[in-house]
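Chemist: The structure's right below; bear with me while I get my questions together.
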Amino acid sequence: WSTAPFLLNNSVGPFDIDPSVDARVRVFEASIEQMLWPEKRERDSELGDKVPGTIDRTTERSQVIVPVGYVPDALAPLQGLLHRWLPWLVNEGGDVVLGPIPKGVPVNLIANLKLRSESDDLGDKAEQVKRLGNVLLQLKRKLANLPEGATDEQLRQEFAELREPMLALSKCPDFVVNRGHYFGTAEFNRQDGLSADEKAFGQEPVLDDADKRALIAFLKTF
């Protein structure tokens, strides 16, 4: 009970800096209820119940700088030329600058972009550079063509047009951060999108409210 909120990213349940036992118990009770009753989990500020949880979004207009060391190897020798040709994409140091990014964009739409090929095949590496470069150029071109003083809504419209290409480059296109760990709930038995191996685990009994309350009381004894 002392480790709430739950999940690796502490996304299920409220966070309280107070280390007292009373505060830890309060956080545990709120967090374990969200674990056992997934419908109580925080919902996304924009999509609401259309997705089963919340999505981390940018809280203000910002930009992302991809350091030169993380730029695909095939582009490294061209960094000086790219800055000369495309100063709105590559800065003097060779870093790729993405932005401005409007408020409300899913953080993982940007953070999960696969910058490098995970294959040793030269053809795969070349294809990855091509796909990534195409998306970055389209994005920067769209942003560069916006009028001075463009609103966040105008910026979001430009991002929306590149949603599918960016998702195709994503290492993890699931942006919901408080999804999963559905033990004892009906959600655990949903098999939509599961592989044959995952479905082979079968289903588990769904706990009723009384059983869930009993489980919570039991966990408090540890």
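FYI, nothing fancy with the structure tokens labels: chains A, B, ... in order, residues from 1 per chain, ligands from 1 as they appear.
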Please return, as number ranges by chain, all residues of segment 1-137 of chain A that DSSP assigns to strand (DSSP E) on the basis of the backbone.
Modeler: A: 62-66, 96-101
Chemist: Near segment 108-112 of chain A, within 7 Å and counting only C-alpha atoms, which residues show up once chain neighbours fewer than 4 positions away are dropped, as number ranges by chain?
Modeler: A: 170-172, 175
Chemist: Would you output that residue set with N, CA and C atoms, as a PDB file, in the first residue's frame?
Modeler:
```
ATOM      1  N   SER A 170       6.009   5.695 -35.279  1.00  0.00           N
ATOM      2  CA  SER A 170       6.008   5.635 -33.816  1.00  0.00           C
ATOM      3  C   SER A 170       6.454   4.264 -33.318  1.00  0.00           C
ATOM      4  N   LYS A 171       7.285   4.272 -32.286  1.00  0.00           N
ATOM      5  CA  LYS A 171       7.679   3.020 -31.645  1.00  0.00           C
ATOM      6  C   LYS A 171       6.538   2.446 -30.808  1.00  0.00           C
ATOM      7  N   CYS A 172       5.648   3.314 -30.358  1.00  0.00           N
ATOM      8  CA  CYS A 172       4.523   2.877 -29.528  1.00  0.00           C
ATOM      9  C   CYS A 172       3.350   3.814 -29.778  1.00  0.00           C
ATOM     10  N   PHE A 175      -0.960   5.959 -26.865  1.00  0.00           N
ATOM     11  CA  PHE A 175      -0.559   7.107 -26.060  1.00  0.00           C
ATOM     12  C   PHE A 175      -1.204   7.143 -24.677  1.00  0.00           C
TER      13      PHE A 175
END
```
Chemist: Which is closer to Arg141 of chain A than all the others in A:Glu158, A:Glu39, A:Asp120, A:Glu33, using only C-alpha atoms?
Modeler: A:Glu158
Chemist: Leaving out Glu42 of chain A and any residue of its chain fewer than 5 positions from it, which residues lie within 8 Å of it when counting only C-alpha atoms, given as a ChimeraX atom specification?
Modeler: /A:12,53-54,178
Chemist: How far is it from atom CA of Leu132 of chain A to atom CA of Pro106 of chain A, in Å with one decimal?
Modeler: 18.5 Å
Chemist: Go through A:Ala4, A:Ala186, A:Leu194, A:Ile32 one by one, measure the shortest atom-to-atom distance of each to Leu207 of chain A using only C-alpha atoms, and give the residue with the smallest value.
Modeler: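 Checking each of A:Ala4, A:Ala186, A:Leu194, A:Ile32 against Leu207 of chain A, counting only C-alpha atoms, the winner is A:Ala186.
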